[in-house]
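Next comes target-v5.txt, a file with compact mmCIF, C-alpha atoms and all ligand atoms.
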```txt
# COMPACT_ATOMS: atom_id res chain seq x y z
CA MET A 1 -76.66 -102.61 10.32
CA PHE A 2 -76.54 -101.44 13.89
CA VAL A 3 -75.41 -104.71 15.38
CA GLU A 4 -72.81 -104.36 18.10
CA TRP A 5 -73.41 -100.66 18.53
CA VAL A 6 -72.84 -99.16 21.90
CA ILE A 7 -76.11 -97.82 23.24
CA PHE A 8 -75.09 -94.40 24.46
CA SER A 9 -76.35 -93.48 27.88
CA ASN A 10 -79.40 -91.30 27.83
CA GLU A 11 -80.14 -91.24 31.50
CA SER A 12 -78.90 -87.78 32.32
CA ARG A 13 -79.87 -85.06 29.93
CA ASP A 14 -76.27 -83.91 29.54
CA VAL A 15 -75.46 -81.01 27.27
CA LEU A 16 -73.39 -82.67 24.53
CA ILE A 17 -72.96 -79.71 22.18
CA LYS A 18 -72.80 -76.11 23.32
CA ALA A 19 -72.31 -72.99 21.23
CA VAL A 20 -71.41 -69.74 22.94
CA LYS A 21 -71.57 -66.54 20.88
CA LEU A 22 -70.46 -68.66 17.95
CA THR A 23 -69.48 -66.47 15.01
CA LYS A 24 -68.10 -67.17 11.54
CA LYS A 25 -67.09 -64.45 9.14
CA TYR A 26 -65.95 -64.86 5.56
CA ASP A 27 -63.89 -61.68 5.21
CA ASP A 28 -66.41 -59.01 6.25
CA PHE A 29 -69.49 -61.16 5.65
CA VAL A 30 -71.02 -62.58 8.83
CA ALA A 31 -72.38 -66.06 8.00
CA VAL A 32 -72.98 -67.14 11.62
CA ASP A 33 -73.76 -64.25 13.89
CA GLY A 34 -72.97 -64.88 17.55
CA ILE A 35 -75.36 -67.77 18.15
CA ASP A 36 -75.88 -69.66 21.41
CA PHE A 37 -77.45 -73.10 21.62
CA GLU A 38 -77.30 -76.30 23.62
CA ILE A 39 -77.95 -79.80 22.34
CA TYR A 40 -78.62 -82.58 24.78
CA SER A 41 -77.29 -86.09 24.63
CA GLY A 42 -79.55 -88.32 22.53
CA GLU A 43 -81.50 -85.46 20.96
CA CYS A 44 -82.25 -85.24 17.25
CA VAL A 45 -82.20 -81.54 16.38
CA GLY A 46 -83.15 -80.12 13.00
CA PHE A 47 -81.43 -76.96 11.75
CA LEU A 48 -83.78 -75.31 9.30
CA GLY A 49 -83.30 -72.11 7.37
CA PRO A 50 -83.45 -70.63 3.89
CA ASN A 51 -80.54 -71.03 1.47
CA GLY A 52 -77.55 -69.15 2.81
CA ALA A 53 -78.88 -68.97 6.38
CA GLY A 54 -75.64 -70.38 7.83
CA LYS A 55 -76.57 -74.03 8.48
CA THR A 56 -73.68 -75.68 6.66
CA THR A 57 -71.22 -73.16 8.10
CA THR A 58 -72.43 -74.07 11.61
CA VAL A 59 -72.23 -77.81 10.89
CA ARG A 60 -68.73 -77.40 9.43
CA MET A 61 -67.56 -75.75 12.63
CA MET A 62 -68.95 -78.73 14.57
CA TYR A 63 -66.60 -81.15 12.86
CA CYS A 64 -63.63 -78.80 12.78
CA PHE A 65 -63.73 -78.30 9.03
CA LEU A 66 -63.86 -74.54 9.68
CA PRO A 67 -62.58 -72.67 12.71
CA PRO A 68 -64.96 -70.18 14.35
CA THR A 69 -64.00 -66.53 13.97
CA SER A 70 -65.00 -65.95 17.59
CA GLY A 71 -67.03 -67.53 20.34
CA ASP A 72 -66.78 -71.17 21.30
CA LEU A 73 -68.21 -74.51 20.35
CA ILE A 74 -67.91 -77.43 22.72
CA ILE A 75 -68.54 -80.99 21.53
CA ALA A 76 -68.64 -83.71 24.20
CA GLY A 77 -66.70 -81.44 26.54
CA LEU A 78 -64.05 -80.61 23.90
CA SER A 79 -63.56 -77.15 22.39
CA VAL A 80 -63.19 -76.90 18.61
CA HIS A 81 -60.41 -74.39 19.24
CA ASP A 82 -57.92 -76.95 20.51
CA ARG A 83 -59.38 -80.47 20.62
CA CYS A 84 -60.16 -81.25 16.99
CA ARG A 85 -58.36 -84.58 16.93
CA GLU A 86 -60.56 -85.96 19.69
CA ILE A 87 -63.71 -84.34 18.34
CA LYS A 88 -63.25 -86.13 15.01
CA GLN A 89 -63.28 -89.46 16.83
CA VAL A 90 -66.73 -88.90 18.32
CA VAL A 91 -68.40 -87.14 15.40
CA GLY A 92 -69.71 -88.75 12.22
CA VAL A 93 -70.36 -86.47 9.26
CA ALA A 94 -72.42 -86.69 6.11
CA PRO A 95 -71.54 -83.33 4.54
CA GLN A 96 -73.76 -81.47 2.12
CA GLU A 97 -71.19 -81.67 -0.66
CA ASP A 98 -70.07 -84.90 -2.28
CA ASN A 99 -66.54 -85.52 -1.02
CA LEU A 100 -66.23 -89.20 -1.90
CA ASP A 101 -62.82 -90.29 -3.14
CA LEU A 102 -62.96 -90.71 -6.91
CA ASP A 103 -59.81 -92.84 -6.92
CA PHE A 104 -61.48 -95.61 -4.95
CA SER A 105 -64.35 -98.01 -5.53
CA VAL A 106 -67.52 -97.86 -3.43
CA VAL A 107 -66.36 -100.41 -0.86
CA LYS A 108 -62.85 -98.99 -0.74
CA ASN A 109 -64.24 -95.55 0.07
CA LEU A 110 -65.67 -97.08 3.22
CA VAL A 111 -62.75 -99.29 4.18
CA VAL A 112 -60.11 -96.58 3.69
CA TYR A 113 -62.20 -94.08 5.65
CA ALA A 114 -62.55 -96.53 8.53
CA ARG A 115 -58.78 -96.78 8.75
CA TYR A 116 -58.60 -93.14 9.89
CA PHE A 117 -60.25 -94.34 13.09
CA ASP A 118 -57.79 -97.16 13.74
CA ILE A 119 -60.35 -99.80 12.89
CA SER A 120 -58.67 -103.04 11.78
CA LYS A 121 -58.93 -103.97 8.11
CA GLU A 122 -61.03 -107.01 8.89
CA GLU A 123 -63.42 -105.08 11.10
CA ALA A 124 -63.60 -102.22 8.57
CA LEU A 125 -64.63 -104.64 5.84
CA LYS A 126 -67.25 -106.20 8.08
CA ARG A 127 -68.74 -102.80 8.94
CA ALA A 128 -68.57 -101.66 5.32
CA ASN A 129 -70.54 -104.72 4.27
CA GLU A 130 -73.18 -104.10 6.93
CA GLN A 131 -73.63 -100.54 5.68
CA LEU A 132 -73.67 -101.55 2.01
CA ASP A 133 -76.39 -104.07 2.83
CA PHE A 134 -78.48 -101.58 4.77
CA PHE A 135 -78.15 -98.77 2.22
CA GLN A 136 -78.73 -101.20 -0.64
CA LEU A 137 -75.44 -100.51 -2.34
CA GLN A 138 -74.00 -104.03 -2.24
CA GLU A 139 -74.54 -104.47 -5.99
CA LYS A 140 -72.35 -101.42 -6.61
CA ARG A 141 -69.57 -102.31 -4.20
CA ASP A 142 -66.82 -102.63 -6.81
CA MET A 143 -67.94 -99.77 -9.03
CA PRO A 144 -66.03 -96.49 -9.30
CA ILE A 145 -67.74 -93.49 -7.66
CA GLU A 146 -68.56 -91.84 -10.98
CA ALA A 147 -70.74 -94.84 -11.81
CA LEU A 148 -73.10 -94.01 -8.95
CA SER A 149 -76.23 -91.91 -9.30
CA THR A 150 -76.65 -88.79 -7.14
CA GLY A 151 -78.93 -90.62 -4.72
CA MET A 152 -76.52 -93.55 -4.42
CA LYS A 153 -73.67 -91.18 -3.58
CA ARG A 154 -75.76 -89.56 -0.84
CA ARG A 155 -76.48 -93.00 0.64
CA LEU A 156 -72.79 -93.91 0.52
CA ILE A 157 -71.86 -90.65 2.26
CA PHE A 158 -74.36 -91.46 5.03
CA ALA A 159 -73.02 -95.02 5.30
CA ARG A 160 -69.45 -93.72 5.59
CA ALA A 161 -70.43 -91.41 8.47
CA LEU A 162 -71.46 -94.45 10.54
CA LEU A 163 -68.35 -96.59 10.21
CA HIS A 164 -66.75 -95.55 13.50
CA LYS A 165 -70.08 -95.72 15.38
CA PRO A 166 -70.05 -92.05 16.36
CA LYS A 167 -71.74 -90.59 19.39
CA VAL A 168 -72.68 -87.44 17.45
CA LEU A 169 -73.92 -87.56 13.88
CA LEU A 170 -74.03 -84.50 11.61
CA LEU A 171 -76.31 -84.95 8.60
CA ASP A 172 -76.27 -81.98 6.24
CA GLU A 173 -79.19 -82.45 3.84
CA PRO A 174 -78.97 -86.26 3.86
CA THR A 175 -82.03 -86.78 1.69
CA THR A 176 -81.55 -84.14 -0.99
CA GLY A 177 -81.83 -85.84 -4.37
CA LEU A 178 -83.12 -89.14 -2.98
CA ASP A 179 -86.15 -90.93 -4.38
CA PRO A 180 -89.00 -91.69 -1.93
CA GLN A 181 -87.79 -95.25 -1.28
CA ALA A 182 -84.28 -94.11 -0.46
CA ARG A 183 -85.61 -91.27 1.67
CA HIS A 184 -87.54 -93.77 3.76
CA LEU A 185 -84.39 -95.85 4.12
CA VAL A 186 -82.57 -92.82 5.50
CA TRP A 187 -85.46 -92.07 7.85
CA ASP A 188 -85.32 -95.65 9.07
CA ALA A 189 -81.58 -95.31 9.73
CA VAL A 190 -82.15 -92.09 11.68
CA ARG A 191 -84.89 -93.74 13.75
CA GLN A 192 -82.64 -96.70 14.57
CA LEU A 193 -79.80 -94.38 15.54
CA LYS A 194 -82.15 -92.38 17.77
CA LYS A 195 -82.99 -95.60 19.61
CA LEU A 196 -79.27 -96.03 20.28
CA HIS A 197 -79.26 -92.46 21.69
CA VAL A 198 -76.90 -91.16 19.04
CA THR A 199 -77.11 -87.35 19.12
CA ILE A 200 -78.13 -86.16 15.68
CA ILE A 201 -77.97 -82.76 14.00
CA LEU A 202 -79.90 -82.74 10.77
CA THR A 203 -80.28 -79.98 8.22
CA THR A 204 -83.01 -80.28 5.65
CA HIS A 205 -85.29 -78.28 3.41
CA TYR A 206 -88.00 -80.91 3.74
CA MET A 207 -90.24 -79.73 6.53
CA ASP A 208 -92.15 -83.02 6.72
CA GLU A 209 -88.86 -84.81 7.33
CA ALA A 210 -87.88 -82.42 10.11
CA GLU A 211 -91.31 -82.73 11.71
CA ILE A 212 -91.22 -86.53 11.62
CA LEU A 213 -87.63 -87.07 12.77
CA CYS A 214 -86.61 -84.19 15.00
CA ASP A 215 -87.26 -83.78 18.70
CA ARG A 216 -86.42 -80.10 18.41
CA ILE A 217 -86.09 -77.56 15.64
CA ILE A 218 -83.72 -74.61 15.48
CA ILE A 219 -84.66 -72.13 12.76
CA VAL A 220 -81.84 -69.91 11.52
CA ASP A 221 -81.92 -66.96 9.18
CA HIS A 222 -79.18 -64.48 8.28
CA GLY A 223 -76.81 -66.30 10.64
CA LYS A 224 -79.05 -65.90 13.70
CA ILE A 225 -81.34 -68.26 15.57
CA ILE A 226 -84.89 -67.00 15.22
CA GLU A 227 -86.77 -69.87 16.88
CA ASP A 228 -86.03 -73.00 18.89
CA GLY A 229 -88.45 -75.66 20.14
CA PRO A 230 -90.18 -78.99 19.54
CA PRO A 231 -91.99 -79.07 16.18
CA LYS A 232 -95.46 -79.50 17.66
CA GLU A 233 -94.97 -76.60 20.06
CA LEU A 234 -93.73 -74.31 17.30
CA ILE A 235 -96.75 -75.15 15.16
CA LYS A 236 -99.12 -74.47 18.04
CA LYS A 237 -97.36 -71.27 19.02
CA HIS A 238 -97.06 -69.70 15.57
CA ILE A 239 -99.86 -71.15 13.48
CA GLY A 240 -102.61 -72.86 15.47
CA GLU A 241 -104.19 -76.15 14.59
CA ASN A 242 -105.77 -75.84 11.19
CA VAL A 243 -105.27 -74.18 7.85
CA LEU A 244 -108.08 -73.41 5.46
CA GLU A 245 -107.03 -72.75 1.87
CA LEU A 246 -109.43 -71.35 -0.70
CA ASP A 247 -109.49 -69.32 -3.92
CA TYR A 248 -108.89 -65.60 -3.59
CA ASP A 249 -112.07 -63.57 -3.65
CA SER A 250 -112.07 -59.89 -2.68
CA THR A 251 -115.64 -59.97 -1.31
CA LEU A 252 -114.97 -63.09 0.72
CA LEU A 253 -111.84 -61.74 2.36
CA PRO A 254 -113.59 -59.30 4.76
CA MET A 255 -116.10 -62.03 5.71
CA LEU A 256 -113.24 -64.39 6.47
CA LYS A 257 -111.64 -61.76 8.65
CA GLN A 258 -114.91 -61.30 10.52
CA THR A 259 -115.62 -65.00 11.08
CA PHE A 260 -112.02 -65.89 11.90
CA SER A 261 -111.21 -62.75 13.83
CA ASP A 262 -108.43 -64.47 15.78
CA ALA A 263 -106.79 -65.84 12.63
CA ARG A 264 -103.90 -64.75 10.49
CA ILE A 265 -105.00 -64.58 6.88
CA GLU A 266 -102.58 -64.53 3.97
CA VAL A 267 -103.22 -63.95 0.31
CA ILE A 268 -100.74 -65.96 -1.73
CA GLY A 269 -101.22 -65.38 -5.43
CA GLU A 270 -104.65 -66.71 -6.35
CA ARG A 271 -105.25 -68.44 -3.02
CA MET A 272 -106.06 -67.35 0.52
CA GLN A 273 -104.86 -69.14 3.66
CA VAL A 274 -106.53 -68.91 7.05
CA PHE A 275 -104.45 -70.05 10.04
CA THR A 276 -106.66 -70.72 13.02
CA SER A 277 -107.49 -73.01 15.91
CA LYS A 278 -111.24 -72.64 15.42
CA PRO A 279 -113.11 -75.98 15.47
CA TYR A 280 -114.11 -77.68 12.24
CA SER A 281 -117.78 -76.86 12.82
CA VAL A 282 -116.97 -73.16 12.28
CA PHE A 283 -115.23 -73.94 8.98
CA ASP A 284 -118.12 -76.16 7.90
CA GLY A 285 -120.67 -73.47 8.67
CA PHE A 286 -118.71 -70.80 6.81
CA LEU A 287 -118.06 -72.94 3.73
CA HIS A 288 -121.68 -73.99 3.57
CA GLU A 289 -123.10 -70.53 4.06
CA HIS A 290 -120.98 -69.06 1.26
CA LYS A 291 -121.19 -72.11 -1.02
CA ILE A 292 -117.41 -72.17 -1.32
CA GLN A 293 -115.73 -74.76 -3.52
CA ASN A 294 -112.14 -75.71 -4.23
CA VAL A 295 -111.25 -75.70 -0.57
CA THR A 296 -108.52 -77.52 1.30
CA LEU A 297 -108.76 -77.96 5.01
CA ARG A 298 -105.60 -79.35 6.57
CA LYS A 299 -103.58 -79.57 9.76
CA ALA A 300 -101.06 -76.81 10.31
CA ASN A 301 -97.48 -77.98 9.74
CA LEU A 302 -93.88 -76.96 10.14
CA GLU A 303 -93.73 -75.47 6.66
CA ASP A 304 -96.37 -72.94 7.73
CA VAL A 305 -94.14 -71.99 10.67
CA PHE A 306 -91.07 -71.76 8.47
CA LEU A 307 -92.74 -69.52 5.91
CA LYS A 308 -94.24 -67.32 8.59
CA LEU A 309 -90.92 -66.81 10.36
CA THR A 310 -88.64 -66.53 7.37
CA GLY A 311 -91.16 -64.66 5.25
CA ARG A 312 -92.53 -65.55 1.83
CA ALA A 313 -96.09 -64.45 1.34
CA LEU A 314 -97.98 -61.17 1.41
CA ARG A 315 -99.67 -60.59 4.75
CA THR A 316 -103.04 -58.96 4.97
CA ASN A 317 -103.77 -58.46 8.62
CA ASP A 318 -100.59 -58.04 10.58
N1 LIG B 401 -66.20 -70.18 1.65
C1 LIG B 401 -67.04 -69.16 1.66
N2 LIG B 401 -66.63 -67.91 1.32
C2 LIG B 401 -67.48 -66.86 1.34
N3 LIG B 401 -68.77 -66.94 1.69
C3 LIG B 401 -69.24 -68.16 2.03
C4 LIG B 401 -68.40 -69.32 2.03
N4 LIG B 401 -69.15 -70.38 2.42
C5 LIG B 401 -70.39 -69.91 2.65
N5 LIG B 401 -70.45 -68.57 2.42
C6 LIG B 401 -71.63 -67.71 2.59
O1 LIG B 401 -72.10 -67.85 3.92
C7 LIG B 401 -73.53 -67.88 3.93
C8 LIG B 401 -74.01 -69.13 4.63
O2 LIG B 401 -73.71 -70.24 3.82
P1 LIG B 401 -74.10 -71.72 4.25
O3 LIG B 401 -73.51 -72.64 3.24
O4 LIG B 401 -73.71 -71.91 5.67
O5 LIG B 401 -75.69 -71.66 4.13
P2 LIG B 401 -76.77 -72.83 4.29
O6 LIG B 401 -77.72 -72.37 5.34
O7 LIG B 401 -76.11 -74.13 4.49
O8 LIG B 401 -77.50 -72.78 2.88
P3 LIG B 401 -78.12 -73.98 1.94
O9 LIG B 401 -79.49 -74.23 2.45
O10 LIG B 401 -78.14 -73.36 0.58
O11 LIG B 401 -77.20 -75.16 2.04
C9 LIG B 401 -73.99 -67.73 2.48
O12 LIG B 401 -74.29 -66.38 2.23
C10 LIG B 401 -72.77 -68.17 1.70
O13 LIG B 401 -72.72 -67.51 0.44
MG MG B 402 -76.07 -75.85 3.45
```
Just dump the structure as structure tokens.
Amino acid sequence: MFVEWVIFSNESRDVLIKAVKLTKKYDDFVAVDGIDFEIYSGECVGFLGPNGAGKTTTVRMMYCFLPPTSGDLIIAGLSVHDRCREIKQVVGVAPQEDNLDLDFSVVKNLVVYARYFDISKEEALKRANEQLDFFQLQEKRDMPIEALSTGMKRRLIFARALLHKPKVLLLDEPTTGLDPQARHLVWDAVRQLKKLHVTIILTTHYMDEAEILCDRIIIVDHGKIIEDGPPKELIKKHIGENVLELDYDSTLLPMLKQTFSDARIEVIGERMQVFTSKPYSVFDGFLHEHKIQNVTLRKANLEDVFLKLTGRALRTND
């Protein structure tokens, strides 16, 4: 599907997107609270945050769907305050909401959209067919939109975002509602686009997806950026290497604290979690000594970071 794409230059790490004190208010409610960030050319950056954190509002400002209340947002050297026409030419968008045109068939949704970018009819049809093939929607090409399942609509929205071969791609929850096969298809598309140095902003609630696809993660909460860095570094910084999960036991808890004195320990309902970088031999010894069963020992992941920073569980030792 990515035949004849321009491979965008990735030689200089240019700043392609820059937010300066970016703020969005809905009446008195501050949805995006004076954030600053820079995104480099060719990066794939994941915006993570709980529901209502301000991700979609930020993404919407990036494609000029919403004007900022104050501050600035520069896309490829163009400010959203006065260069929206040009910005729309370089940005591809798969919005969170379904905004497909119900009056048109599947293929016509693509072809008509392509016309906004002055792509000839013939070329638009060619590109639409490439996308329908890749996203496995060719069978549905002449169907009305209401005949598509939720996952098919999401795939079509992604396909539509690629028609004008954008330099910047905004994907707001592209895999919500997709089955595992379709999710892998989307991941494959993102990987191919990364190879072409397309700059990608991705929002998702799937931490595994963000960890696999994104070079860098920006975590937002209450309209503010609370962390920014490569997934592996964030995991190392906030969690450590390993997580031990075992059944809650009030007599075991003090022993855990003693053995894993450097660790953060959380009690979550009926289970305890120990976040530590201690070697496996220490875990083995402890589990053996106390004859502990029903244990999970796993690598720390981005979800651990997310829950720690945005808060979910009861903390016992901090
Ligand atoms: N048009 C609007 N009018 C008033 N408030 C709004 C409007 N759009 C969004 N908000 C509020 O702004 C906040 C941020 O919303 P936003 O959609 O950006 O969150 P999000 O991080 O994308 O959440 P989700 O993960 O649920 O998609 C929320 O509190 C939301 O209720
Ligand atoms: Mg959203």
If I take CA of Glu270 (chain A) and CA of Ile226 (chain A), how far is one from the other in Å, to one decimal?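 Atom-to-atom, CA of Glu270 (chain A) and CA of Ile226 (chain A) are spaced 29.3 Å apart.
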Minimum-distance residue to ligand LIG 401 (chain B), chosen among A:Leu309, A:Val32, A:Ala53, A:Ile268 (using only C-alpha atoms and all ligand atoms): A:Ala53
What are the nearest atom pairs, with distances in Å to one decimal, for all residues of chain A that come at most 10 Å from ligand MG 402 (chain B), using only C-alpha atoms and all ligand atoms, set out by chain and rising residue number as JSON lines?
```
{"residue": "A:Phe47", "atom": "CA", "partner": "B:MG402", "partner_atom": "MG", "distance": 9.9}
{"residue": "A:Leu48", "atom": "CA", "partner": "B:MG402", "partner_atom": "MG", "distance": 9.7}
{"residue": "A:Gly49", "atom": "CA", "partner": "B:MG402", "partner_atom": "MG", "distance": 9.0}
{"residue": "A:Pro50", "atom": "CA", "partner": "B:MG402", "partner_atom": "MG", "distance": 9.1}
{"residue": "A:Asn51", "atom": "CA", "partner": "B:MG402", "partner_atom": "MG", "distance": 6.9}
{"residue": "A:Gly52", "atom": "CA", "partner": "B:MG402", "partner_atom": "MG", "distance": 6.9}
{"residue": "A:Ala53", "atom": "CA", "partner": "B:MG402", "partner_atom": "MG", "distance": 8.0}
{"residue": "A:Gly54", "atom": "CA", "partner": "B:MG402", "partner_atom": "MG", "distance": 7.0}
{"residue": "A:Lys55", "atom": "CA", "partner": "B:MG402", "partner_atom": "MG", "distance": 5.4}
{"residue": "A:Thr56", "atom": "CA", "partner": "B:MG402", "partner_atom": "MG", "distance": 4.0}
{"residue": "A:Thr57", "atom": "CA", "partner": "B:MG402", "partner_atom": "MG", "distance": 7.2}
{"residue": "A:Thr58", "atom": "CA", "partner": "B:MG402", "partner_atom": "MG", "distance": 9.1}
{"residue": "A:Val59", "atom": "CA", "partner": "B:MG402", "partner_atom": "MG", "distance": 8.6}
{"residue": "A:Arg60", "atom": "CA", "partner": "B:MG402", "partner_atom": "MG", "distance": 9.6}
{"residue": "A:Pro95", "atom": "CA", "partner": "B:MG402", "partner_atom": "MG", "distance": 8.8}
{"residue": "A:Gln96", "atom": "CA", "partner": "B:MG402", "partner_atom": "MG", "distance": 6.2}
{"residue": "A:Glu97", "atom": "CA", "partner": "B:MG402", "partner_atom": "MG", "distance": 8.6}
{"residue": "A:Asp172", "atom": "CA", "partner": "B:MG402", "partner_atom": "MG", "distance": 6.7}
{"residue": "A:Glu173", "atom": "CA", "partner": "B:MG402", "partner_atom": "MG", "distance": 7.3}
{"residue": "A:Thr203", "atom": "CA", "partner": "B:MG402", "partner_atom": "MG", "distance": 7.6}
{"residue": "A:Thr204", "atom": "CA", "partner": "B:MG402", "partner_atom": "MG", "distance": 8.5}
{"residue": "A:His205", "atom": "CA", "partner": "B:MG402", "partner_atom": "MG", "distance": 9.5}
```
Give the centre and edge lengths of an axis-aligned box, in Å to one decimal, that holds all listed atoms of ligand LIG 401 (chain B) with 6 Å on each side, as JSON.
```
{"center_x": -72.8, "center_y": -70.8, "center_z": 3.1, "size_x": 25.3, "size_y": 20.8, "size_z": 17.2}
```
Mind giving me the straight-line distance from CA of Thr310 (chain A) to CA of Leu253 (chain A) in Å, one decimal?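 Here the two named atoms are 24.2 Å from each other.
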Could you state the separation of CA of Pro231 (chain A) and CA of Arg271 (chain A) in Å, given to one decimal place? 25.6 Å
Counting all atoms listed in the file, what is within 8 Å of Val295 (chain A), bar same-chain residues fewer than 4 positions away, as number ranges by chain? A: 244-247
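Among the candidates A:Pro166, A:Gly223, A:Pro68, A:Pro230, the one nearest to ligand LIG 401 (chain B) when counting all atoms listed in the file is A:Gly223.
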Among the residues A:Ile239, A:Ile292, A:Met255, A:Ile225, the one that comes closest to ligand LIG 401 (chain B) [using all atoms listed in the file]: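 Checking each candidate against ligand LIG 401 (chain B), we get A:Ile225 as the closest.
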